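See structure below.
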Number of protein chains: 2
Amino acid sequence: MIKVVYYEDNRNLREGITFLLQATPQLELVGAFADCSNIREEIRTLAPDVVLMDIDLPGMTGIEAVPVVKAISPQTQVMMLTVFDNEEKIFQAIRNGASGYLLKHTPPSEIVEAIFDVHKGGSPMTANVARKVLQFFQQQRSSKTEDYNLSARELDIIKGLVSGYSYKLIADELHISIDTVRSHIRHIYDKLHVNSKTEAILKAMKEGLV
Amino acid sequence: MIKVVYYEDNRNLREGITFLLQATPQLELVGAFADCSNIREEIRTLAPDVVLMDIDLPGMTGIEAVPVVKAISPQTQVMMLTVFDNEEKIFQAIRNGASGYLLKHTPPSEIVEAIFDVHKGGSPMTANVARKVLQFFQQQRSSKTEDYNLSARELDIIKGLVSGYSYKLIADELHISIDTVRSHIRHIYDKLHVNSKTEAILKAMKEGLV
DNA sequence: AAGCAAATCACATCTTTATGCGACCCACGG
DNA sequence: CCGTGGGTCGCATAAAGATGTGATTTGCTT
């Protein structure tokens with residue numbers, strides 16, 4: 001039996017899902033609450049395997065509640081079940097330790113399936129949410145080398161900088177003289193429109209040039 | 001009609017999925033190939049909406065093929081369909097531009113559903129795969145400020161560094177003398193076990209101190 | 001009350017970076 | 001065949017950063 005606790009302030013929805021979960025064999029709904037005011041106590045005593053968490057709760061939001069749950073019971077899986085497909089909220093929830101993120105329009109059968117998924121180590125996500133997460137990865141590498149027209153050699157140099165090397169170390173590494181390193185760095189600064197090592201490094205990292 | 005192209009070297013599997021897709025209304029399988037040797041030509045002439053891509057193909061791997069597809073036809077959605085749930089391969093595929101990642105044990109009905117999902121802007125992922133992706137996010141913020149015992153003032157200073165400011169600018173910003181800035185930076189270097197601005201910045205960023 | 005860490009400032013010195021100016025070689029395209 | 005950009009190197013100077021030594025104040029702990 002998978003023990004589930006559910007936080008949702010909308011009464012109708014809460015009762016609907018409660019009914020659904022109670023009707024599902026292998027699942028045991030051990031608590032359903034309208035807010036997180038007693039969440040520490042509830043998590044401690046009920047020791048759920050899975051927590052279904054709405055985001056827009058009165059008082060402590062569902063996003064704030066996630067780390068609370070994980071702190072008390074790290075093995076408990078928290079799945080967000082909410083209407084927000086807002087990027088910021090998604091990333092906050094994930095960073096806070098949520099293991100799944102479903103939008104409320106998800107059909108009941110899939111919600112139930114997702115509970116099993118999350119309990120056995122998966123991370124069910126509505127396809128929209130998943131796309132936003134993937135895009136986060138892809139954005140990193142999207143702007144590229146071409147934008148600033150850094151040459152291959154210049155990239156070697158800036159990789160060295162981003163690794164924390166001094167000019168001298170980079171020169172040794174690439175078997176060139178320190179003056180050549182300076183020369184390349186001059187060109188890099190021109191192309192990136194910066195004028196210090198720090199700025200160049202920060203820009204290179206932000207733009208994903210390395 | 002959603003136009004689909006499929007790359008898979010295993011003949012049985014290819015024929016199975018081919019049958020499945022042909023039997024599905026709204027889907028039009030316009031090509032199924034055992035390798036990527038002519039992929040440029042195929043993508044150009046077939047102009048698929050969705051590409052199903054195996055990873056372990058002879059010659060060019062499926063992962064290498066993703067950017068090729070996206071370069072020729074950016075709006076085409078590529079979905080990986082493979083047996084590998086290896087982290088490295090997942091991230092490579094995603095970074096290369098894949099929009100979905102299903103493991104081959106996925107039931108046929110879900111594969112079909114996933115094709116529709118990916119075509120309308122979602123990112124269907126097997127729950128296992130999704131978990132690995134989420135964990136990547138969560139790993140980021142593990143160690144904290146406390147680990148290095150940086151004081152509040154020292155954090156002010158290092159935030160300045162990470163913003164790309166010079167000592168002088170930081171001094172002005174915080175209304176202290178440049179020698180005080182130097183002094184704080186000395187302490188920061190001690191605590192972080194580094195000995196250059198660059199290293200301090202990189203460490204601060206990596207460890208999420210700022 | 002003594003001890004201590006954090007925060008402030010000073011001065012000196014050495015190293016690293018930033019930048020200006022110039023030079024040579026090579027490959028590639030018009 | 002000549003111009004252009006990339007890659008190589010040198011010299012010189014000024015600014016920024018790293019490091020040693022030391023000092024004062026404040027507030028908290030013992």
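Ligands are numbered from 1 in the order shown, chains are lettered A, B, ... in the order of the structure tokens, and residues start at 1 in each chain.
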
Least-squares align chain A to chain B using all Cα atoms paired by position, then dump the moved coordinates as a PDB file with C-alpha atoms, in the first residue's frame.
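Result written to result_34.pdb:
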ATOM      1  CA  MET A   1      -2.047  14.436 -40.341  1.00  0.00           C
ATOM      2  CA  ILE A   2       1.253  14.409 -38.531  1.00  0.00           C
ATOM      3  CA  LYS A   3       4.084  13.194 -40.736  1.00  0.00           C
ATOM      4  CA  VAL A   4       6.476  10.919 -38.895  1.00  0.00           C
ATOM      5  CA  VAL A   5       9.865   9.514 -39.853  1.00  0.00           C
ATOM      6  CA  TYR A   6      11.442   6.759 -37.820  1.00  0.00           C
ATOM      7  CA  TYR A   7      15.082   5.700 -37.458  1.00  0.00           C
ATOM      8  CA  GLU A   8      15.764   2.351 -35.845  1.00  0.00           C
ATOM      9  CA  ASP A   9      18.284  -0.317 -36.750  1.00  0.00           C
ATOM     10  CA  ASN A  10      16.560  -3.220 -35.051  1.00  0.00           C
ATOM     11  CA  ARG A  11      14.343  -4.702 -37.689  1.00  0.00           C
ATOM     12  CA  ASN A  12      11.757  -6.279 -35.420  1.00  0.00           C
ATOM     13  CA  LEU A  13      11.286  -3.176 -33.422  1.00  0.00           C
ATOM     14  CA  ARG A  14      11.152  -1.037 -36.523  1.00  0.00           C
ATOM     15  CA  GLU A  15       8.445  -3.180 -38.028  1.00  0.00           C
ATOM     16  CA  GLY A  16       6.497  -3.264 -34.803  1.00  0.00           C
ATOM     17  CA  ILE A  17       6.438   0.473 -34.416  1.00  0.00           C
ATOM     18  CA  THR A  18       5.800   0.914 -38.112  1.00  0.00           C
ATOM     19  CA  PHE A  19       2.722  -1.232 -37.754  1.00  0.00           C
ATOM     20  CA  LEU A  20       1.610   0.714 -34.720  1.00  0.00           C
ATOM     21  CA  LEU A  21       1.981   4.076 -36.369  1.00  0.00           C
ATOM     22  CA  GLN A  22       0.326   2.996 -39.572  1.00  0.00           C
ATOM     23  CA  ALA A  23      -2.624   1.821 -37.571  1.00  0.00           C
ATOM     24  CA  THR A  24      -3.046   5.203 -35.930  1.00  0.00           C
ATOM     25  CA  PRO A  25      -5.347   7.718 -37.549  1.00  0.00           C
ATOM     26  CA  GLN A  26      -3.954  11.278 -37.747  1.00  0.00           C
ATOM     27  CA  LEU A  27      -0.456   9.875 -38.031  1.00  0.00           C
ATOM     28  CA  GLU A  28       1.274   9.281 -41.307  1.00  0.00           C
ATOM     29  CA  LEU A  29       4.478   7.327 -41.230  1.00  0.00           C
ATOM     30  CA  VAL A  30       6.302   8.651 -44.266  1.00  0.00           C
ATOM     31  CA  GLY A  31       9.558   6.793 -43.735  1.00  0.00           C
ATOM     32  CA  ALA A  32      11.311   4.231 -41.540  1.00  0.00           C
ATOM     33  CA  PHE A  33      15.057   3.726 -41.908  1.00  0.00           C
ATOM     34  CA  ALA A  34      17.721   1.546 -40.367  1.00  0.00           C
ATOM     35  CA  ASP A  35      20.429   4.211 -40.331  1.00  0.00           C
ATOM     36  CA  CYS A  36      21.127   7.875 -40.945  1.00  0.00           C
ATOM     37  CA  SER A  37      23.240   7.524 -44.052  1.00  0.00           C
ATOM     38  CA  ASN A  38      20.780   9.500 -46.166  1.00  0.00           C
ATOM     39  CA  ILE A  39      19.168  11.520 -43.450  1.00  0.00           C
ATOM     40  CA  ARG A  40      19.728  14.944 -45.021  1.00  0.00           C
ATOM     41  CA  GLU A  41      17.989  13.893 -48.182  1.00  0.00           C
ATOM     42  CA  GLU A  42      15.226  12.122 -46.282  1.00  0.00           C
ATOM     43  CA  ILE A  43      14.440  15.043 -44.033  1.00  0.00           C
ATOM     44  CA  ARG A  44      14.485  17.451 -46.931  1.00  0.00           C
ATOM     45  CA  THR A  45      12.150  15.486 -49.165  1.00  0.00           C
ATOM     46  CA  LEU A  46       9.854  13.944 -46.570  1.00  0.00           C
ATOM     47  CA  ALA A  47       9.600  17.084 -44.427  1.00  0.00           C
ATOM     48  CA  PRO A  48       8.376  15.248 -41.347  1.00  0.00           C
ATOM     49  CA  ASP A  49       6.688  16.962 -38.430  1.00  0.00           C
ATOM     50  CA  VAL A  50       8.124  14.499 -35.966  1.00  0.00           C
ATOM     51  CA  VAL A  51      11.191  12.275 -36.088  1.00  0.00           C
ATOM     52  CA  LEU A  52      11.486   9.224 -33.852  1.00  0.00           C
ATOM     53  CA  MET A  53      15.145   8.535 -33.330  1.00  0.00           C
ATOM     54  CA  ASP A  54      16.956   5.589 -31.849  1.00  0.00           C
ATOM     55  CA  ILE A  55      20.368   6.335 -30.347  1.00  0.00           C
ATOM     56  CA  ASP A  56      22.513   3.321 -31.069  1.00  0.00           C
ATOM     57  CA  LEU A  57      22.513   3.383 -34.863  1.00  0.00           C
ATOM     58  CA  PRO A  58      25.321   2.165 -37.082  1.00  0.00           C
ATOM     59  CA  GLY A  59      27.331   4.994 -38.629  1.00  0.00           C
ATOM     60  CA  MET A  60      25.965   8.312 -37.423  1.00  0.00           C
ATOM     61  CA  THR A  61      24.400   7.900 -33.983  1.00  0.00           C
ATOM     62  CA  GLY A  62      20.951   9.181 -33.237  1.00  0.00           C
ATOM     63  CA  ILE A  63      22.432  11.842 -30.995  1.00  0.00           C
ATOM     64  CA  GLU A  64      24.620  13.156 -33.781  1.00  0.00           C
ATOM     65  CA  ALA A  65      21.665  13.071 -36.134  1.00  0.00           C
ATOM     66  CA  VAL A  66      19.540  15.423 -34.029  1.00  0.00           C
ATOM     67  CA  PRO A  67      21.383  18.641 -34.912  1.00  0.00           C
ATOM     68  CA  VAL A  68      21.418  17.559 -38.543  1.00  0.00           C
ATOM     69  CA  VAL A  69      17.652  17.316 -38.535  1.00  0.00           C
ATOM     70  CA  LYS A  70      17.209  20.599 -36.683  1.00  0.00           C
ATOM     71  CA  ALA A  71      19.580  22.369 -39.051  1.00  0.00           C
ATOM     72  CA  ILE A  72      17.616  21.304 -42.104  1.00  0.00           C
ATOM     73  CA  SER A  73      14.171  21.640 -40.584  1.00  0.00           C
ATOM     74  CA  PRO A  74      14.075  23.543 -37.315  1.00  0.00           C
ATOM     75  CA  GLN A  75      10.354  23.116 -36.758  1.00  0.00           C
ATOM     76  CA  THR A  76      10.617  19.345 -36.937  1.00  0.00           C
ATOM     77  CA  GLN A  77      10.405  17.843 -33.456  1.00  0.00           C
ATOM     78  CA  VAL A  78      12.835  15.076 -32.659  1.00  0.00           C
ATOM     79  CA  MET A  79      11.912  12.508 -30.074  1.00  0.00           C
ATOM     80  CA  MET A  80      14.486  10.028 -28.840  1.00  0.00           C
ATOM     81  CA  LEU A  81      13.196   6.475 -28.439  1.00  0.00           C
ATOM     82  CA  THR A  82      15.911   4.362 -26.960  1.00  0.00           C
ATOM     83  CA  VAL A  83      16.995   1.931 -24.309  1.00  0.00           C
ATOM     84  CA  PHE A  84      19.670   4.222 -22.864  1.00  0.00           C
ATOM     85  CA  ASP A  85      18.712   6.076 -19.754  1.00  0.00           C
ATOM     86  CA  ASN A  86      22.337   7.023 -19.327  1.00  0.00           C
ATOM     87  CA  GLU A  87      22.674  10.588 -18.086  1.00  0.00           C
ATOM     88  CA  GLU A  88      25.311  11.648 -20.528  1.00  0.00           C
ATOM     89  CA  LYS A  89      23.330  10.472 -23.517  1.00  0.00           C
ATOM     90  CA  ILE A  90      20.187  12.143 -22.258  1.00  0.00           C
ATOM     91  CA  PHE A  91      21.885  15.501 -21.843  1.00  0.00           C
ATOM     92  CA  GLN A  92      23.687  15.259 -25.135  1.00  0.00           C
ATOM     93  CA  ALA A  93      20.466  14.554 -26.955  1.00  0.00           C
ATOM     94  CA  ILE A  94      18.680  17.407 -25.238  1.00  0.00           C
ATOM     95  CA  ARG A  95      21.465  19.855 -25.859  1.00  0.00           C
ATOM     96  CA  ASN A  96      21.487  18.817 -29.473  1.00  0.00           C
ATOM     97  CA  GLY A  97      17.855  19.807 -29.714  1.00  0.00           C
ATOM     98  CA  ALA A  98      15.744  16.748 -28.961  1.00  0.00           C
ATOM     99  CA  SER A  99      12.273  17.586 -27.669  1.00  0.00           C
ATOM    100  CA  GLY A 100      11.335  14.315 -26.089  1.00  0.00           C
ATOM    101  CA  TYR A 101      12.992  11.260 -24.655  1.00  0.00           C
ATOM    102  CA  LEU A 102      11.199   7.967 -24.231  1.00  0.00           C
ATOM    103  CA  LEU A 103      12.620   4.678 -23.112  1.00  0.00           C
ATOM    104  CA  LYS A 104      11.742   1.732 -25.282  1.00  0.00           C
ATOM    105  CA  HIS A 105       9.795  -0.034 -22.613  1.00  0.00           C
ATOM    106  CA  THR A 106       7.124   2.655 -22.998  1.00  0.00           C
ATOM    107  CA  PRO A 107       3.794   1.051 -23.901  1.00  0.00           C
ATOM    108  CA  PRO A 108       2.698   1.603 -27.514  1.00  0.00           C
ATOM    109  CA  SER A 109      -0.275   3.730 -26.590  1.00  0.00           C
ATOM    110  CA  GLU A 110       1.993   6.168 -24.791  1.00  0.00           C
ATOM    111  CA  ILE A 111       4.407   6.342 -27.674  1.00  0.00           C
ATOM    112  CA  VAL A 112       1.561   7.380 -29.904  1.00  0.00           C
ATOM    113  CA  GLU A 113       0.353   9.884 -27.362  1.00  0.00           C
ATOM    114  CA  ALA A 114       3.863  11.240 -27.010  1.00  0.00           C
ATOM    115  CA  ILE A 115       4.028  11.896 -30.739  1.00  0.00           C
ATOM    116  CA  PHE A 116       0.949  14.056 -30.466  1.00  0.00           C
ATOM    117  CA  ASP A 117       2.367  15.733 -27.370  1.00  0.00           C
ATOM    118  CA  VAL A 118       5.645  16.600 -28.958  1.00  0.00           C
ATOM    119  CA  HIS A 119       3.932  17.873 -32.059  1.00  0.00           C
ATOM    120  CA  LYS A 120       1.811  20.298 -30.116  1.00  0.00           C
ATOM    121  CA  GLY A 121       4.781  21.708 -28.235  1.00  0.00           C
ATOM    122  CA  GLY A 122       5.171  19.411 -25.277  1.00  0.00           C
ATOM    123  CA  SER A 123       8.169  17.359 -24.286  1.00  0.00           C
ATOM    124  CA  PRO A 124       7.141  13.885 -23.313  1.00  0.00           C
ATOM    125  CA  MET A 125       9.723  12.186 -21.186  1.00  0.00           C
ATOM    126  CA  THR A 126       9.780   8.930 -19.353  1.00  0.00           C
ATOM    127  CA  ALA A 127       9.548   9.752 -15.666  1.00  0.00           C
ATOM    128  CA  ASN A 128      13.062   8.415 -15.024  1.00  0.00           C
ATOM    129  CA  VAL A 129      14.539  10.621 -17.650  1.00  0.00           C
ATOM    130  CA  ALA A 130      12.661  13.608 -16.307  1.00  0.00           C
ATOM    131  CA  ARG A 131      14.059  12.944 -12.862  1.00  0.00           C
ATOM    132  CA  LYS A 132      17.597  13.035 -14.173  1.00  0.00           C
ATOM    133  CA  VAL A 133      16.924  16.317 -15.884  1.00  0.00           C
ATOM    134  CA  LEU A 134      15.430  17.836 -12.754  1.00  0.00           C
ATOM    135  CA  GLN A 135      18.313  16.627 -10.670  1.00  0.00           C
ATOM    136  CA  PHE A 136      20.628  18.491 -12.929  1.00  0.00           C
ATOM    137  CA  PHE A 137      18.878  21.700 -11.952  1.00  0.00           C
ATOM    138  CA  GLN A 138      18.751  20.843  -8.320  1.00  0.00           C
ATOM    139  CA  GLN A 139      22.404  19.876  -8.092  1.00  0.00           C
ATOM    140  CA  GLN A 140      23.364  23.388  -8.970  1.00  0.00           C
ATOM    141  CA  ARG A 141      21.930  24.848  -5.812  1.00  0.00           C
ATOM    142  CA  SER A 142      22.465  21.833  -3.619  1.00  0.00           C
ATOM    143  CA  SER A 143      25.882  22.396  -2.201  1.00  0.00           C
ATOM    144  CA  LYS A 144      25.417  25.584  -0.386  1.00  0.00           C
ATOM    145  CA  THR A 145      26.663  28.520   1.480  1.00  0.00           C
ATOM    146  CA  GLU A 146      26.965  26.497   4.636  1.00  0.00           C
ATOM    147  CA  ASP A 147      29.703  24.258   3.292  1.00  0.00           C
ATOM    148  CA  TYR A 148      32.230  27.040   3.337  1.00  0.00           C
ATOM    149  CA  ASN A 149      30.595  29.095   6.077  1.00  0.00           C
ATOM    150  CA  LEU A 150      30.752  32.304   4.135  1.00  0.00           C
ATOM    151  CA  SER A 151      29.115  35.081   6.092  1.00  0.00           C
ATOM    152  CA  ALA A 152      26.387  37.226   4.600  1.00  0.00           C
ATOM    153  CA  ARG A 153      28.839  40.020   3.988  1.00  0.00           C
ATOM    154  CA  GLU A 154      31.326  37.718   2.387  1.00  0.00           C
ATOM    155  CA  LEU A 155      28.602  36.545   0.063  1.00  0.00           C
ATOM    156  CA  ASP A 156      27.915  40.164  -0.884  1.00  0.00           C
ATOM    157  CA  ILE A 157      31.547  40.530  -1.782  1.00  0.00           C
ATOM    158  CA  ILE A 158      31.801  37.387  -3.822  1.00  0.00           C
ATOM    159  CA  LYS A 159      28.643  38.253  -5.678  1.00  0.00           C
ATOM    160  CA  GLY A 160      30.411  41.424  -6.664  1.00  0.00           C
ATOM    161  CA  LEU A 161      33.414  39.472  -7.873  1.00  0.00           C
ATOM    162  CA  VAL A 162      31.223  37.121  -9.868  1.00  0.00           C
ATOM    163  CA  SER A 163      29.594  40.158 -11.427  1.00  0.00           C
ATOM    164  CA  GLY A 164      32.996  41.208 -12.686  1.00  0.00           C
ATOM    165  CA  TYR A 165      33.465  44.184 -10.372  1.00  0.00           C
ATOM    166  CA  SER A 166      36.813  45.447  -9.168  1.00  0.00           C
ATOM    167  CA  TYR A 167      37.528  45.913  -5.482  1.00  0.00           C
ATOM    168  CA  LYS A 168      36.916  49.614  -5.856  1.00  0.00           C
ATOM    169  CA  LEU A 169      33.508  49.116  -7.449  1.00  0.00           C
ATOM    170  CA  ILE A 170      32.490  46.638  -4.800  1.00  0.00           C
ATOM    171  CA  ALA A 171      33.580  49.063  -2.100  1.00  0.00           C
ATOM    172  CA  ASP A 172      31.448  51.815  -3.636  1.00  0.00           C
ATOM    173  CA  GLU A 173      28.522  49.476  -4.128  1.00  0.00           C
ATOM    174  CA  LEU A 174      28.535  48.357  -0.503  1.00  0.00           C
ATOM    175  CA  HIS A 175      29.581  51.732   0.905  1.00  0.00           C
ATOM    176  CA  ILE A 176      32.678  50.400   2.578  1.00  0.00           C
ATOM    177  CA  SER A 177      36.355  51.086   2.095  1.00  0.00           C
ATOM    178  CA  ILE A 178      38.517  49.193  -0.340  1.00  0.00           C
ATOM    179  CA  ASP A 179      40.584  47.885   2.535  1.00  0.00           C
ATOM    180  CA  THR A 180      37.519  46.306   4.023  1.00  0.00           C
ATOM    181  CA  VAL A 181      36.857  44.648   0.726  1.00  0.00           C
ATOM    182  CA  ARG A 182      40.400  43.323   0.772  1.00  0.00           C
ATOM    183  CA  SER A 183      39.870  42.074   4.264  1.00  0.00           C
ATOM    184  CA  HIS A 184      36.721  40.188   3.337  1.00  0.00           C
ATOM    185  CA  ILE A 185      38.370  38.752   0.289  1.00  0.00           C
ATOM    186  CA  ARG A 186      41.214  37.477   2.401  1.00  0.00           C
ATOM    187  CA  HIS A 187      38.725  35.601   4.544  1.00  0.00           C
ATOM    188  CA  ILE A 188      36.921  34.294   1.504  1.00  0.00           C
ATOM    189  CA  TYR A 189      40.171  32.938   0.087  1.00  0.00           C
ATOM    190  CA  ASP A 190      40.894  31.235   3.371  1.00  0.00           C
ATOM    191  CA  LYS A 191      37.480  29.636   3.486  1.00  0.00           C
ATOM    192  CA  LEU A 192      37.466  28.566  -0.154  1.00  0.00           C
ATOM    193  CA  HIS A 193      41.103  27.498  -0.084  1.00  0.00           C
ATOM    194  CA  VAL A 194      42.050  29.556  -3.107  1.00  0.00           C
ATOM    195  CA  ASN A 195      44.421  32.427  -3.671  1.00  0.00           C
ATOM    196  CA  SER A 196      43.285  34.460  -6.586  1.00  0.00           C
ATOM    197  CA  LYS A 197      40.196  36.289  -7.652  1.00  0.00           C
ATOM    198  CA  THR A 198      39.789  34.045 -10.638  1.00  0.00           C
ATOM    199  CA  GLU A 199      39.919  30.856  -8.613  1.00  0.00           C
ATOM    200  CA  ALA A 200      37.458  32.245  -6.122  1.00  0.00           C
ATOM    201  CA  ILE A 201      35.034  33.196  -8.861  1.00  0.00           C
ATOM    202  CA  LEU A 202      35.317  29.852 -10.598  1.00  0.00           C
ATOM    203  CA  LYS A 203      34.850  27.987  -7.359  1.00  0.00           C
ATOM    204  CA  ALA A 204      31.906  30.110  -6.343  1.00  0.00           C
ATOM    205  CA  MET A 205      30.234  29.503  -9.669  1.00  0.00           C
ATOM    206  CA  LYS A 206      30.941  25.799  -9.732  1.00  0.00           C
ATOM    207  CA  GLU A 207      29.757  25.264  -6.197  1.00  0.00           C
ATOM    208  CA  GLY A 208      26.729  27.416  -6.740  1.00  0.00           C
ATOM    209  CA  LEU A 209      27.582  29.738  -3.876  1.00  0.00           C
ATOM    210  CA  VAL A 210      26.049  32.606  -5.786  1.00  0.00           C
TER     211      VAL A 210
END

Practice task
Write down as a PyMOL selection string the residues belonging to segment 4-200 of chain B that are assigned strand (DSSP E) by DSSP computed on the backbone.
Solution key: chain B and resi 4-7+27-33+50-53+77-82+100-103

Handout entry: DSSP alpha helix (DSSP H) residues within chain A, as an MDAnalysis selection string
Key = chainID A and resid 11:22 39:46 62:72 87:96 108:119 127:142 145:148 152:162 167:174 178:192 197:206

Within 9 Å of chain B, which residues of chain D show up? Give each one with its shortest atom-to-atom distance in Å (one decimal) and the two atoms involved, counting only C-alpha atoms (C1' of nucleotides), rows by chain then rising residue number, as a tab-separated table.
residue	atom	partner	partner_atom	distance
D:DA16	C1'	B:Ser166	CA	7.8
D:DG17	C1'	B:Lys197	CA	8.0
D:DA18	C1'	B:Ser196	CA	7.5
D:DT19	C1'	B:Arg186	CA	8.3

Exercise for the section: Please determine the contact residues of chain C with respect to chain B at a cut-off of 9 Å, counting only C-alpha atoms (C1' of nucleotides), and supply them as a PyMOL selection string. Expected result: chain C and resi 6-10

Practice task
With a distance cut-off of 12 Å and only C-alpha atoms (C1' of nucleotides), select the neighbouring residues of DC11 of chain D, excluding the residue or stretch itself and same-chain residues fewer than 3 positions from it, and output the selection as a ChimeraX atom specification.
Solution key: /A:179 /C:20-23

Selected residues, N, CA and C atoms (P, O5', C5', C4', C3', O3' and C1' of nucleotides), written as a tab-separated table (two decimals), in the first residue's frame, please.
chain	number	residue	atom	x	y	z
A	179	ASP	N	52.68	36.36	-24.41
A	179	ASP	CA	52.27	37.50	-25.21
A	179	ASP	C	51.22	37.11	-26.24
C	20	DG	P	44.05	50.34	-26.03
C	20	DG	O5'	45.22	51.24	-26.61
C	20	DG	C5'	46.15	51.86	-25.71
C	20	DG	C4'	47.49	52.04	-26.40
C	20	DG	C3'	47.40	51.95	-27.93
C	20	DG	O3'	48.22	52.97	-28.52
C	20	DG	C1'	48.97	50.37	-27.11
C	21	DC	P	48.12	53.28	-30.06
C	21	DC	O5'	49.43	52.58	-30.61
C	21	DC	C5'	50.71	52.82	-30.00
C	21	DC	C4'	51.74	51.92	-30.66
C	21	DC	C3'	51.42	51.60	-32.12
C	21	DC	O3'	52.49	52.01	-32.96
C	21	DC	C1'	51.98	49.63	-30.92
C	22	DG	P	52.39	51.93	-34.57
C	22	DG	O5'	53.15	50.54	-34.77
C	22	DG	C5'	54.36	50.36	-34.09
C	22	DG	C4'	54.92	48.99	-34.27
C	22	DG	C3'	54.73	48.41	-35.68
C	22	DG	O3'	56.02	48.05	-36.19
C	22	DG	C1'	54.19	46.83	-34.02
C	23	DA	P	56.19	47.72	-37.78
C	23	DA	O5'	56.63	46.19	-37.75
C	23	DA	C5'	57.49	45.74	-36.71
C	23	DA	C4'	57.50	44.24	-36.75
C	23	DA	C3'	57.28	43.67	-38.15
C	23	DA	O3'	58.38	42.87	-38.53
C	23	DA	C1'	55.87	42.61	-36.55

Practice task
Give me the residues within 10 Å of DG27 of chain D as number ranges by chain, counting only C-alpha atoms (C1' of nucleotides) and dropping any in the same chain fewer than 2 places off.
Solution key: C: 5-6; D: 25, 29

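Separating atom C1' of DG5 of chain D from atom C1' of DT19 of chain C is a distance of 20.7 Å.
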